[in-house]
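For reference, the structure discussed in these notes is given below.
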Amino acid sequence: MTTTAHPLFAEALTALGLEPDVRRFPDGTRTAADAAAAIGCELSQIVKSLIFAADGVPVLVLMDGASRVDVEAVRRELGAGAVTRADAALVRETTGYAIGGVPPFGHRTRTRVLADRSLLAHEVVWAAAGTPHTVFPMDPRELIRHAGAALADVRES
């Protein structure tokens, strides 16, 4: 593994005994489209790590880069009264990372995690490594396991 991952994420990787090939892209990988173009992979192979608030409680949703989250499906899955997109301050407070660099695991606080089943369509997916310039590849089942995610159908149709 290179040392380009965010220090908090690098610490999580070490604790899990993982050594993925973290790659740094100087032009950035802030959006799923930017990441797919830099890596040279399909947009759906990018893992978006998105924070929502379900009745005010942060929840992480892992979604493929070509899809959008169906907020109503997330609400039903969680049995919540209301689900809203988290603002930048809540994202940083919950995860320890800025929007555009949130990894699927290794966060400052433990949150409930949902992973859309669409991620399982690939042998390898790519996720942020804690900064808007770094990504790493991983088998989606392994990524979902390390994230402690529950599989769900929360993709917009």
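Please note that chains go A, B, ... in the order of the structure tokens, that every chain numbers its residues from 1, and that ligands are numbered from 1 in the order shown.
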### Query
Quick one: residues within 10 Å of stretch 109-122 of chain A, only C-alpha atoms counted, chain neighbours fewer than 3 positions away excluded, as a PyMOL selection string?
chain A and resi 42+44-51+57-67+69+74+77-78+93-96+104-106+125+139-141+143-145+147-155
### All strand (DSSP E or B) positions in chain A, as a PyMOL selection string
chain A and resi 23-24+46-54+57-64+69+83-85+112-116+125-128+134-138+150-152+155
Hey, which bits of stretch 98-152 of chain A sit within 8 Å of stretch 14-20 of chain A, and for each residue what's the closest pair of atoms and how far apart in Å (one decimal), counting only C-alpha atoms, rows by chain and increasing number, as CSV?
residue,atom,partner,partner_atom,distance
A:Phe136,CA,A:Pro20,CA,6.2
A:Pro137,CA,A:Pro20,CA,6.7
A:Met138,CA,A:Pro20,CA,7.3
Would you mind exporting the chosen residues as a PDB file, in the first residue's frame, restricted to N, CA and C atoms?
ATOM      1  N   PHE A 136      -9.003   3.371  -3.865  1.00  0.00           N
ATOM      2  CA  PHE A 136      -8.434   2.040  -3.741  1.00  0.00           C
ATOM      3  C   PHE A 136      -9.414   1.030  -4.326  1.00  0.00           C
ATOM      4  N   PRO A 137      -8.900  -0.094  -4.865  1.00  0.00           N
ATOM      5  CA  PRO A 137      -9.770  -1.142  -5.392  1.00  0.00           C
ATOM      6  C   PRO A 137     -10.017  -2.221  -4.341  1.00  0.00           C
ATOM      7  N   MET A 138     -11.195  -2.869  -4.440  1.00  0.00           N
ATOM      8  CA  MET A 138     -11.484  -3.967  -3.525  1.00  0.00           C
ATOM      9  C   MET A 138     -12.642  -4.786  -4.090  1.00  0.00           C
TER      10      MET A 138
END
